[in-house]
$ cat my_file_21.pdb   # PDB, C-alpha atoms
ATOM      1  CA  MET A   2      -6.463  67.118 -83.434
ATOM      2  CA  SER A   3      -6.340  69.921 -85.962
ATOM      3  CA  GLU A   4      -8.494  69.893 -89.062
ATOM      4  CA  LEU A   5      -6.846  67.945 -91.867
ATOM      5  CA  ASP A   6      -6.252  69.921 -95.050
ATOM      6  CA  PHE A   7      -7.926  67.877 -97.758
ATOM      7  CA  ALA A   8      -8.478  70.947 -99.965
ATOM      8  CA  LYS A   9      -4.809  71.405-100.909
ATOM      9  CA  GLY A  10      -4.748  68.054-102.703
ATOM     10  CA  GLY A  11      -8.165  68.315-104.330
ATOM     11  CA  GLY A  12      -9.895  66.304-101.605
ATOM     12  CA  LEU A  13      -7.065  63.827-101.063
ATOM     13  CA  VAL A  14      -4.114  63.595 -98.693
ATOM     14  CA  PRO A  15      -1.094  61.362 -99.309
ATOM     15  CA  ALA A  16      -0.687  58.588 -96.737
ATOM     16  CA  ILE A  17       2.745  57.051 -96.178
ATOM     17  CA  ILE A  18       2.469  53.416 -95.102
ATOM     18  CA  GLN A  19       5.215  52.226 -92.721
ATOM     19  CA  ASP A  20       5.659  48.918 -90.900
ATOM     20  CA  GLU A  21       5.187  49.537 -87.194
ATOM     21  CA  GLN A  22       7.795  46.943 -86.180
ATOM     22  CA  THR A  23      10.523  47.155 -88.811
ATOM     23  CA  ASP A  24       9.959  50.808 -89.866
ATOM     24  CA  GLU A  25      10.140  49.764 -93.524
ATOM     25  CA  VAL A  26       8.250  52.163 -95.790
ATOM     26  CA  TYR A  27       5.904  50.066 -97.920
ATOM     27  CA  MET A  28       3.997  52.453-100.169
ATOM     28  CA  LEU A  29       2.241  55.768-100.575
ATOM     29  CA  GLY A  30      -1.507  55.900-101.151
ATOM     30  CA  TYR A  31      -4.152  58.616-101.111
ATOM     31  CA  MET A  32      -7.101  59.002 -98.742
ATOM     32  CA  ASP A  33     -10.127  61.229 -98.927
ATOM     33  CA  LYS A  34     -12.059  62.040 -95.768
ATOM     34  CA  ALA A  35     -14.321  59.001 -96.152
ATOM     35  CA  ALA A  36     -11.397  56.611 -96.719
ATOM     36  CA  LEU A  37      -9.671  57.949 -93.612
ATOM     37  CA  ASP A  38     -12.844  57.554 -91.547
ATOM     38  CA  ARG A  39     -13.327  54.007 -92.820
ATOM     39  CA  THR A  40      -9.676  53.275 -92.001
ATOM     40  CA  LYS A  41     -10.172  54.498 -88.432
ATOM     41  CA  GLU A  42     -13.496  52.728 -87.900
ATOM     42  CA  SER A  43     -12.440  49.378 -89.341
ATOM     43  CA  GLY A  44      -8.796  49.346 -88.284
ATOM     44  CA  TRP A  45      -7.782  48.356 -91.847
ATOM     45  CA  VAL A  46      -6.148  50.700 -94.356
ATOM     46  CA  HIS A  47      -8.524  52.050 -97.020
ATOM     47  CA  PHE A  48      -7.487  54.299 -99.888
ATOM     48  CA  PHE A  49      -9.237  56.406-102.458
ATOM     49  CA  SER A  50      -8.208  55.096-105.858
ATOM     50  CA  ARG A  51      -7.709  57.853-108.395
ATOM     51  CA  SER A  52      -7.954  55.379-111.279
ATOM     52  CA  LYS A  53     -11.008  53.457-109.991
ATOM     53  CA  ASN A  54     -12.529  56.658-108.542
ATOM     54  CA  ARG A  55     -13.694  54.859-105.403
ATOM     55  CA  ILE A  56     -12.664  53.831-101.912
ATOM     56  CA  TRP A  57     -11.092  50.402-101.628
ATOM     57  CA  MET A  58      -9.635  48.387 -98.815
ATOM     58  CA  LYS A  59      -5.981  47.548 -99.396
ATOM     59  CA  GLY A  60      -5.975  43.767 -99.836
ATOM     60  CA  GLU A  61      -9.626  43.416-100.815
ATOM     61  CA  GLU A  62      -8.473  41.457-103.871
ATOM     62  CA  SER A  63      -4.913  40.405-103.047
ATOM     63  CA  GLY A  64      -5.637  39.436 -99.450
ATOM     64  CA  ASN A  65      -2.566  41.384 -98.325
ATOM     65  CA  LYS A  66      -4.186  43.685 -95.789
ATOM     66  CA  LEU A  67      -2.747  46.421 -93.591
ATOM     67  CA  ARG A  68      -3.800  46.564 -89.940
ATOM     68  CA  VAL A  69      -3.623  50.093 -88.559
ATOM     69  CA  ILE A  70      -1.601  50.601 -85.383
ATOM     70  CA  SER A  71      -1.454  54.408 -85.310
ATOM     71  CA  ILE A  72      -1.827  57.423 -87.596
ATOM     72  CA  PHE A  73       0.128  60.670 -87.473
ATOM     73  CA  GLU A  74      -0.481  63.938 -89.312
ATOM     74  CA  ASP A  75       2.334  66.259 -90.321
ATOM     75  CA  CYS A  76       2.958  69.832 -89.161
ATOM     76  CA  ASP A  77       0.781  71.450 -91.805
ATOM     77  CA  SER A  78      -1.926  68.755 -91.701
ATOM     78  CA  ASP A  79      -1.731  67.750 -95.349
ATOM     79  CA  THR A  80       0.063  64.390 -95.126
ATOM     80  CA  LEU A  81      -0.500  61.229 -93.067
ATOM     81  CA  LEU A  82       1.926  58.630 -91.745
ATOM     82  CA  VAL A  83       0.159  55.336 -91.065
ATOM     83  CA  LYS A  84       1.942  52.700 -88.981
ATOM     84  CA  VAL A  85       0.738  49.219 -89.838
ATOM     85  CA  GLN A  86       1.106  45.503 -89.418
ATOM     86  CA  LEU A  87       1.161  43.648 -92.728
ATOM     87  CA  HIS A  88      -1.299  40.740 -92.776
ATOM     88  CA  GLY A  89      -0.038  38.817 -95.779
ATOM     89  CA  GLU A  90       3.157  38.340 -97.722
ATOM     90  CA  ALA A  91       3.693  41.527 -99.692
ATOM     91  CA  VAL A  92       2.356  45.039 -99.993
ATOM     92  CA  CYS A  93       3.247  45.660-103.645
ATOM     93  CA  HIS A  94       1.134  44.172-106.428
ATOM     94  CA  THR A  95       4.401  43.059-108.083
ATOM     95  CA  GLY A  96       5.034  40.624-105.221
ATOM     96  CA  HIS A  97       7.774  42.714-103.626
ATOM     97  CA  LYS A  98       7.253  43.358 -99.941
ATOM     98  CA  SER A  99       7.592  47.128-100.475
ATOM     99  CA  CYS A 100       6.716  49.192-103.539
ATOM    100  CA  PHE A 101      10.117  50.924-103.256
ATOM    101  CA  TYR A 102      12.308  48.145-104.664
ATOM    102  CA  ARG A 103      14.043  50.111-107.466
ATOM    103  CA  LYS A 104      17.024  52.285-106.673
ATOM    104  CA  LEU A 105      17.704  55.348-108.824
ATOM    105  CA  ASN A 106      21.076  55.818-110.431
ATOM    106  CA  MET A 107      22.486  58.976-108.860
ATOM    107  CA  GLU A 108      24.783  59.549-111.850
ATOM    108  CA  GLU A 109      21.936  59.927-114.365
ATOM    109  CA  THR A 110      19.619  62.888-114.842
ATOM    110  CA  SER A 111      15.921  62.083-114.515
TER     111      SER A 111
ATOM    112  CA  MET B 188      15.722  53.080-114.340
ATOM    113  CA  SER B 189      12.250  53.576-115.756
ATOM    114  CA  GLU B 190      10.995  57.008-116.692
ATOM    115  CA  LEU B 191       9.527  58.785-113.675
ATOM    116  CA  ASP B 192       5.885  59.811-114.046
ATOM    117  CA  PHE B 193       5.879  63.529-113.303
ATOM    118  CA  ALA B 194       2.736  64.100-115.395
ATOM    119  CA  LYS B 195       0.347  62.381-112.975
ATOM    120  CA  GLY B 196       1.037  64.972-110.285
ATOM    121  CA  GLY B 197       1.105  68.032-112.536
ATOM    122  CA  GLY B 198       4.895  67.976-112.882
ATOM    123  CA  LEU B 199       5.621  66.977-109.288
ATOM    124  CA  VAL B 200       6.245  63.685-107.503
ATOM    125  CA  PRO B 201       5.930  63.253-103.735
ATOM    126  CA  ALA B 202       9.214  62.392-102.011
ATOM    127  CA  ILE B 203       9.149  60.607 -98.648
ATOM    128  CA  ILE B 204      12.161  61.548 -96.536
ATOM    129  CA  GLN B 205      13.432  58.774 -94.239
ATOM    130  CA  ASP B 206      16.488  58.623 -91.978
ATOM    131  CA  GLU B 207      18.907  56.098 -93.430
ATOM    132  CA  GLN B 208      20.107  54.927 -90.005
ATOM    133  CA  THR B 209      17.044  55.030 -87.745
ATOM    134  CA  ASP B 210      14.371  54.570 -90.470
ATOM    135  CA  GLU B 211      12.357  57.425 -88.947
ATOM    136  CA  VAL B 212      10.107  59.114 -91.502
ATOM    137  CA  TYR B 213      10.802  62.844 -91.297
ATOM    138  CA  MET B 214       8.574  64.527 -93.866
ATOM    139  CA  LEU B 215       7.036  64.484 -97.314
ATOM    140  CA  GLY B 216       8.047  67.033 -99.920
ATOM    141  CA  TYR B 217       7.534  67.453-103.650
ATOM    142  CA  MET B 218      10.129  67.404-106.421
ATOM    143  CA  ASP B 219       9.884  68.404-110.033
ATOM    144  CA  LYS B 220      12.387  67.032-112.530
ATOM    145  CA  ALA B 221      14.819  69.895-111.945
ATOM    146  CA  ALA B 222      14.665  69.547-108.144
ATOM    147  CA  LEU B 223      15.364  65.825-108.434
ATOM    148  CA  ASP B 224      18.304  66.451-110.758
ATOM    149  CA  ARG B 225      19.704  69.084-108.423
ATOM    150  CA  THR B 226      19.255  66.660-105.505
ATOM    151  CA  LYS B 227      21.236  63.997-107.356
ATOM    152  CA  GLU B 228      23.968  66.327-108.566
ATOM    153  CA  SER B 229      24.531  68.091-105.247
ATOM    154  CA  GLY B 230      23.821  65.214-102.876
ATOM    155  CA  TRP B 231      21.532  67.485-100.820
ATOM    156  CA  VAL B 232      17.722  67.258-100.821
ATOM    157  CA  HIS B 233      16.016  69.948-102.931
ATOM    158  CA  PHE B 234      12.258  70.375-103.227
ATOM    159  CA  PHE B 235       9.909  72.303-105.428
ATOM    160  CA  SER B 236       7.905  74.587-103.178
ATOM    161  CA  ARG B 237       4.283  74.886-104.254
ATOM    162  CA  SER B 238       3.833  78.047-102.192
ATOM    163  CA  LYS B 239       7.084  79.774-103.224
ATOM    164  CA  ASN B 240       6.823  78.358-106.766
ATOM    165  CA  ARG B 241      10.540  77.635-106.931
ATOM    166  CA  ILE B 242      13.184  75.038-106.147
ATOM    167  CA  TRP B 243      14.780  75.338-102.733
ATOM    168  CA  MET B 244      17.370  73.364-100.840
ATOM    169  CA  LYS B 245      16.013  71.956 -97.599
ATOM    170  CA  GLY B 246      17.914  73.825 -94.897
ATOM    171  CA  GLU B 247      18.907  76.818 -97.033
ATOM    172  CA  GLU B 248      17.462  79.062 -94.315
ATOM    173  CA  SER B 249      17.236  76.810 -91.244
ATOM    174  CA  GLY B 250      20.618  75.163 -91.754
ATOM    175  CA  ASN B 251      19.028  71.759 -91.152
ATOM    176  CA  LYS B 252      20.090  70.012 -94.336
ATOM    177  CA  LEU B 253      19.436  66.507 -95.632
ATOM    178  CA  ARG B 254      22.345  64.546 -97.139
ATOM    179  CA  VAL B 255      21.145  62.017 -99.711
ATOM    180  CA  ILE B 256      22.245  58.415 -99.237
ATOM    181  CA  SER B 257      19.985  56.704-101.784
ATOM    182  CA  ILE B 258      16.758  57.261-103.697
ATOM    183  CA  PHE B 259      14.132  54.646-104.592
ATOM    184  CA  GLU B 260      11.142  54.926-106.928
ATOM    185  CA  ASP B 261       7.935  52.993-106.380
ATOM    186  CA  CYS B 262       6.394  50.332-108.614
ATOM    187  CA  ASP B 263       4.449  52.783-110.765
ATOM    188  CA  SER B 264       7.196  55.423-110.826
ATOM    189  CA  ASP B 265       5.153  58.242-109.334
ATOM    190  CA  THR B 266       6.607  58.434-105.790
ATOM    191  CA  LEU B 267      10.140  58.654-104.387
ATOM    192  CA  LEU B 268      11.632  57.383-101.143
ATOM    193  CA  VAL B 269      14.764  59.332-100.228
ATOM    194  CA  LYS B 270      17.076  57.934 -97.550
ATOM    195  CA  VAL B 271      19.012  60.679 -95.830
ATOM    196  CA  GLN B 272      21.366  61.729 -93.075
ATOM    197  CA  LEU B 273      20.127  64.750 -91.161
ATOM    198  CA  HIS B 274      22.787  67.448 -90.851
ATOM    199  CA  GLY B 275      21.311  69.578 -88.089
ATOM    200  CA  GLU B 276      18.965  69.229 -85.155
ATOM    201  CA  ALA B 277      15.491  68.934 -86.627
ATOM    202  CA  VAL B 278      13.729  68.474 -89.927
ATOM    203  CA  CYS B 279      10.458  70.199 -89.059
ATOM    204  CA  HIS B 280      10.228  73.999 -88.995
ATOM    205  CA  THR B 281       8.427  73.657 -85.629
ATOM    206  CA  GLY B 282      11.626  72.330 -84.048
ATOM    207  CA  HIS B 283      10.407  68.729 -83.868
ATOM    208  CA  LYS B 284      12.825  66.235 -85.349
ATOM    209  CA  SER B 285      10.083  64.821 -87.615
ATOM    210  CA  CYS B 286       7.065  66.610 -89.089
ATOM    211  CA  PHE B 287       4.877  63.679 -87.953
ATOM    212  CA  TYR B 288       4.654  64.510 -84.249
ATOM    213  CA  ARG B 289       0.840  64.588 -83.876
ATOM    214  CA  LYS B 290      -1.080  61.367 -83.428
ATOM    215  CA  LEU B 291      -4.668  61.168 -84.671
ATOM    216  CA  ASN B 292      -7.436  60.108 -82.341
ATOM    217  CA  MET B 293      -8.761  56.869 -83.821
ATOM    218  CA  GLU B 294     -12.120  57.352 -82.077
ATOM    219  CA  GLU B 295     -12.955  60.623 -83.857
ATOM    220  CA  THR B 296     -14.105  61.109 -87.424
ATOM    221  CA  SER B 297     -11.897  63.386 -89.520
TER     222      SER B 297
END
$ encode --input "my_file_21.pdb" --output "structure tokens"
Amino acid sequence: MSELDFAKGGGLVPAIIQDEQTDEVYMLGYMDKAALDRTKESGWVHFFSRSKNRIWMKGEESGNKLRVISIFEDCDSDTLLVKVQLHGEAVCHTGHKSCFYRKLNMEETS
Amino acid sequence: MSELDFAKGGGLVPAIIQDEQTDEVYMLGYMDKAALDRTKESGWVHFFSRSKNRIWMKGEESGNKLRVISIFEDCDSDTLLVKVQLHGEAVCHTGHKSCFYRKLNMEETS
């Protein structure tokens, strides 16, 4: 594989989390090099939390964990797509299965 | 809708681009407020290019444009999921349909 470009995002790359079976997009998180290595080694998704300033395993508190099936990098090596199996009920801390449960109104400016 | 959090990402939010029919994830781009408004108004995906430092319409040069079907924001309003119809052959500038065409080796460290 090519070298991932962590520098562009200040040490972090965005990681899109997608269900491997249904193709539903669940969330976007951020990984540093260590979080990505821990994700690969353990087979469970780990992120770097910008607010907690540390690596955490998704589900370490909620129990809703993400089993890694495969990981893809994009053409310029600064974004990841992680295909997962959800072990649990929901990915979002709100209880929704996906974090993307609110639709924007196309008629309104942002 | 809630107010989108552009501040967290220095004026930009990441936007995941997903095919509305097949659910394939094509790419990740970045939008500022103006790019999002232009996307909504025109119905075609616009990004803010960090390298060109300007708004551009995806496909303005390649002709491979992305028609917007719907846009979702995530639970903390700092990421977008844009469901699209691809008008053209490929999303990636390499000619691949998706930018995520390279699989990481899970046995190697990053």
$ atom_distance --input "my_file_21.pdb" --atom1 "atom CA of Cys262 of chain B" --atom2 "atom CA of Asp33 of chain A"
22.0 Å
$ resolve_selection --input "my_file_21.pdb" --expression "the PyMOL selection byres ((chain B and resi 191-193) around 8)" --output "PyMOL selection string"
(chain A and resi 111) or (chain B and resi 189-190+194-200+219-220+260+263-265)
$ calpha_fit_and_write --input "my_file_21.pdb" --fixed "chain B" --moving "chain A" --output "mmCIF file with C-alpha atoms, in the coordinates of the input"
data_model
loop_
_atom_site.group_PDB
_atom_site.id
_atom_site.type_symbol
_atom_site.label_atom_id
_atom_site.label_comp_id
_atom_site.auth_asym_id
_atom_site.auth_seq_id
_atom_site.Cartn_x
_atom_site.Cartn_y
_atom_site.Cartn_z
ATOM 1 C CA MET A 2 15.767 53.089 -114.398
ATOM 2 C CA SER A 3 12.289 53.595 -115.778
ATOM 3 C CA GLU A 4 10.997 57.022 -116.693
ATOM 4 C CA LEU A 5 9.530 58.791 -113.677
ATOM 5 C CA ASP A 6 5.895 59.814 -114.036
ATOM 6 C CA PHE A 7 5.879 63.524 -113.297
ATOM 7 C CA ALA A 8 2.737 64.098 -115.393
ATOM 8 C CA LYS A 9 0.340 62.385 -112.968
ATOM 9 C CA GLY A 10 1.045 64.981 -110.281
ATOM 10 C CA GLY A 11 1.117 68.019 -112.551
ATOM 11 C CA GLY A 12 4.906 67.999 -112.878
ATOM 12 C CA LEU A 13 5.622 66.979 -109.288
ATOM 13 C CA VAL A 14 6.239 63.692 -107.501
ATOM 14 C CA PRO A 15 5.925 63.256 -103.733
ATOM 15 C CA ALA A 16 9.206 62.394 -102.010
ATOM 16 C CA ILE A 17 9.137 60.614 -98.651
ATOM 17 C CA ILE A 18 12.153 61.546 -96.535
ATOM 18 C CA GLN A 19 13.428 58.771 -94.233
ATOM 19 C CA ASP A 20 16.484 58.627 -91.976
ATOM 20 C CA GLU A 21 18.899 56.092 -93.418
ATOM 21 C CA GLN A 22 20.104 54.925 -89.991
ATOM 22 C CA THR A 23 17.048 55.037 -87.742
ATOM 23 C CA ASP A 24 14.371 54.580 -90.462
ATOM 24 C CA GLU A 25 12.358 57.431 -88.939
ATOM 25 C CA VAL A 26 10.106 59.117 -91.498
ATOM 26 C CA TYR A 27 10.794 62.849 -91.299
ATOM 27 C CA MET A 28 8.568 64.538 -93.864
ATOM 28 C CA LEU A 29 7.021 64.480 -97.306
ATOM 29 C CA GLY A 30 8.037 67.043 -99.913
ATOM 30 C CA TYR A 31 7.512 67.453 -103.645
ATOM 31 C CA MET A 32 10.119 67.405 -106.413
ATOM 32 C CA ASP A 33 9.878 68.399 -110.033
ATOM 33 C CA LYS A 34 12.380 67.026 -112.529
ATOM 34 C CA ALA A 35 14.815 69.895 -111.943
ATOM 35 C CA ALA A 36 14.666 69.548 -108.143
ATOM 36 C CA LEU A 37 15.358 65.825 -108.433
ATOM 37 C CA ASP A 38 18.304 66.444 -110.763
ATOM 38 C CA ARG A 39 19.708 69.083 -108.417
ATOM 39 C CA THR A 40 19.257 66.659 -105.509
ATOM 40 C CA LYS A 41 21.227 63.982 -107.360
ATOM 41 C CA GLU A 42 23.976 66.320 -108.563
ATOM 42 C CA SER A 43 24.530 68.081 -105.246
ATOM 43 C CA GLY A 44 23.833 65.207 -102.869
ATOM 44 C CA TRP A 45 21.522 67.476 -100.818
ATOM 45 C CA VAL A 46 17.725 67.265 -100.828
ATOM 46 C CA HIS A 47 16.010 69.950 -102.930
ATOM 47 C CA PHE A 48 12.257 70.380 -103.226
ATOM 48 C CA PHE A 49 9.909 72.314 -105.429
ATOM 49 C CA SER A 50 7.896 74.595 -103.176
ATOM 50 C CA ARG A 51 4.288 74.904 -104.261
ATOM 51 C CA SER A 52 3.833 78.068 -102.192
ATOM 52 C CA LYS A 53 7.093 79.787 -103.240
ATOM 53 C CA ASN A 54 6.818 78.357 -106.782
ATOM 54 C CA ARG A 55 10.545 77.629 -106.936
ATOM 55 C CA ILE A 56 13.185 75.038 -106.151
ATOM 56 C CA TRP A 57 14.788 75.336 -102.737
ATOM 57 C CA MET A 58 17.368 73.370 -100.847
ATOM 58 C CA LYS A 59 15.999 71.955 -97.604
ATOM 59 C CA GLY A 60 17.929 73.827 -94.910
ATOM 60 C CA GLU A 61 18.910 76.811 -97.041
ATOM 61 C CA GLU A 62 17.471 79.052 -94.317
ATOM 62 C CA SER A 63 17.250 76.811 -91.253
ATOM 63 C CA GLY A 64 20.630 75.161 -91.756
ATOM 64 C CA ASN A 65 19.036 71.755 -91.159
ATOM 65 C CA LYS A 66 20.095 70.008 -94.349
ATOM 66 C CA LEU A 67 19.437 66.502 -95.637
ATOM 67 C CA ARG A 68 22.328 64.546 -97.148
ATOM 68 C CA VAL A 69 21.133 62.021 -99.714
ATOM 69 C CA ILE A 70 22.247 58.421 -99.237
ATOM 70 C CA SER A 71 19.984 56.700 -101.775
ATOM 71 C CA ILE A 72 16.747 57.245 -103.694
ATOM 72 C CA PHE A 73 14.129 54.652 -104.589
ATOM 73 C CA GLU A 74 11.150 54.923 -106.931
ATOM 74 C CA ASP A 75 7.944 52.987 -106.376
ATOM 75 C CA CYS A 76 6.390 50.331 -108.619
ATOM 76 C CA ASP A 77 4.451 52.773 -110.770
ATOM 77 C CA SER A 78 7.201 55.425 -110.824
ATOM 78 C CA ASP A 79 5.166 58.245 -109.320
ATOM 79 C CA THR A 80 6.596 58.425 -105.787
ATOM 80 C CA LEU A 81 10.134 58.652 -104.380
ATOM 81 C CA LEU A 82 11.630 57.383 -101.134
ATOM 82 C CA VAL A 83 14.763 59.330 -100.223
ATOM 83 C CA LYS A 84 17.071 57.932 -97.541
ATOM 84 C CA VAL A 85 19.014 60.684 -95.823
ATOM 85 C CA GLN A 86 21.362 61.721 -93.079
ATOM 86 C CA LEU A 87 20.123 64.744 -91.148
ATOM 87 C CA HIS A 88 22.795 67.443 -90.854
ATOM 88 C CA GLY A 89 21.329 69.568 -88.090
ATOM 89 C CA GLU A 90 18.976 69.215 -85.166
ATOM 90 C CA ALA A 91 15.496 68.932 -86.625
ATOM 91 C CA VAL A 92 13.739 68.471 -89.929
ATOM 92 C CA CYS A 93 10.460 70.205 -89.059
ATOM 93 C CA HIS A 94 10.237 73.996 -88.996
ATOM 94 C CA THR A 95 8.434 73.666 -85.636
ATOM 95 C CA GLY A 96 11.626 72.328 -84.042
ATOM 96 C CA HIS A 97 10.410 68.735 -83.862
ATOM 97 C CA LYS A 98 12.815 66.233 -85.352
ATOM 98 C CA SER A 99 10.073 64.833 -87.618
ATOM 99 C CA CYS A 100 7.056 66.609 -89.088
ATOM 100 C CA PHE A 101 4.870 63.678 -87.956
ATOM 101 C CA TYR A 102 4.656 64.508 -84.245
ATOM 102 C CA ARG A 103 0.838 64.596 -83.870
ATOM 103 C CA LYS A 104 -1.085 61.379 -83.431
ATOM 104 C CA LEU A 105 -4.677 61.187 -84.671
ATOM 105 C CA ASN A 106 -7.426 60.103 -82.338
ATOM 106 C CA MET A 107 -8.760 56.871 -83.822
ATOM 107 C CA GLU A 108 -12.109 57.335 -82.057
ATOM 108 C CA GLU A 109 -12.956 60.600 -83.845
ATOM 109 C CA THR A 110 -14.119 61.070 -87.421
ATOM 110 C CA SER A 111 -11.936 63.370 -89.514
#
$ closest_atom_pairs --input "my_file_21.pdb" --of "chain B" --to "chain A" --cutoff "8 Å" --atoms "only C-alpha atoms" --output "CSV"
residue,atom,partner,partner_atom,distance
B:Met188,CA,A:Leu105,CA,6.3
B:Glu190,CA,A:Ser111,CA,7.4
B:Leu191,CA,A:Ser111,CA,7.2
B:Ile203,CA,A:Ile17,CA,7.7
B:Asp210,CA,A:Asp24,CA,5.8
B:Glu211,CA,A:Asp24,CA,7.1
B:Met214,CA,A:Asp75,CA,7.4
B:Leu215,CA,A:Thr80,CA,7.3
B:Lys220,CA,A:Ser111,CA,6.4
B:Leu223,CA,A:Ser111,CA,7.2
B:Asp224,CA,A:Thr110,CA,5.6
B:Lys227,CA,A:Met107,CA,5.4
B:Glu228,CA,A:Met107,CA,7.5
B:Ser257,CA,A:Lys104,CA,7.2
B:Ile258,CA,A:Leu105,CA,5.6
B:Phe259,CA,A:Lys104,CA,4.3
B:Glu260,CA,A:Phe101,CA,5.5
B:Asp261,CA,A:Phe101,CA,4.3
B:Cys262,CA,A:Cys100,CA,5.2
B:Thr266,CA,A:Leu29,CA,7.3
B:Leu267,CA,A:Phe101,CA,7.8
B:Leu268,CA,A:Phe101,CA,7.0
B:Cys279,CA,A:Cys76,CA,7.5
B:Thr281,CA,A:Cys76,CA,7.6
B:Cys286,CA,A:Asp75,CA,4.9
B:Phe287,CA,A:Asp75,CA,4.3
B:Tyr288,CA,A:Asp75,CA,6.7
B:Arg289,CA,A:Phe73,CA,5.4
B:Lys290,CA,A:Phe73,CA,4.3
B:Leu291,CA,A:Ile72,CA,5.5
B:Asn292,CA,A:Met2,CA,7.2
B:Met293,CA,A:Lys41,CA,5.4
B:Glu294,CA,A:Lys41,CA,7.2
B:Thr296,CA,A:Asp38,CA,5.6
B:Ser297,CA,A:Asp38,CA,6.2
$ residues_around --input "my_file_21.pdb" --residues "Val46 of chain A" --least-positions-apart "5" --cutoff "8 Å" --atoms "all atoms listed in the file" --output "JSON, numbers by chain"
{"A": [40, 58, 59, 66, 67, 68, 69]}
$ closest_residue --input "my_file_21.pdb" --among "A:Met32, A:Ile18, A:Val85, A:Val92" --to "Asn54 of chain A" --atoms "only C-alpha atoms"
A:Met32
$ closest_residue --input "my_file_21.pdb" --among "A:Lys84, A:Gln22, A:Gly89, A:Ser43" --to "Glu62 of chain A" --atoms "only C-alpha atoms"
A:Gly89
$ atom_distance --input "my_file_21.pdb" --atom1 "atom CA of Trp57 of chain A" --atom2 "atom CA of Asp20 of chain A"
19.9 Å
$ atom_distance --input "my_file_21.pdb" --atom1 "atom CA of Lys98 of chain A" --atom2 "atom CA of Gly60 of chain A"
13.2 Å
$ closest_residue --input "my_file_21.pdb" --among "B:Gln272, B:Gly282, B:Arg241, B:Asn251" --to "Glu207 of chain B" --atoms "only C-alpha atoms"
B:Gln272
$ axis_aligned_box --input "my_file_21.pdb" --around "segment 276-282 of chain B" --padding-each-side "8 Å" --output "AutoDock Vina command-line options"
--center_x 13.7 --center_y 71.2 --center_z -87.0 --size_x 26.5 --size_y 21.5 --size_z 21.9
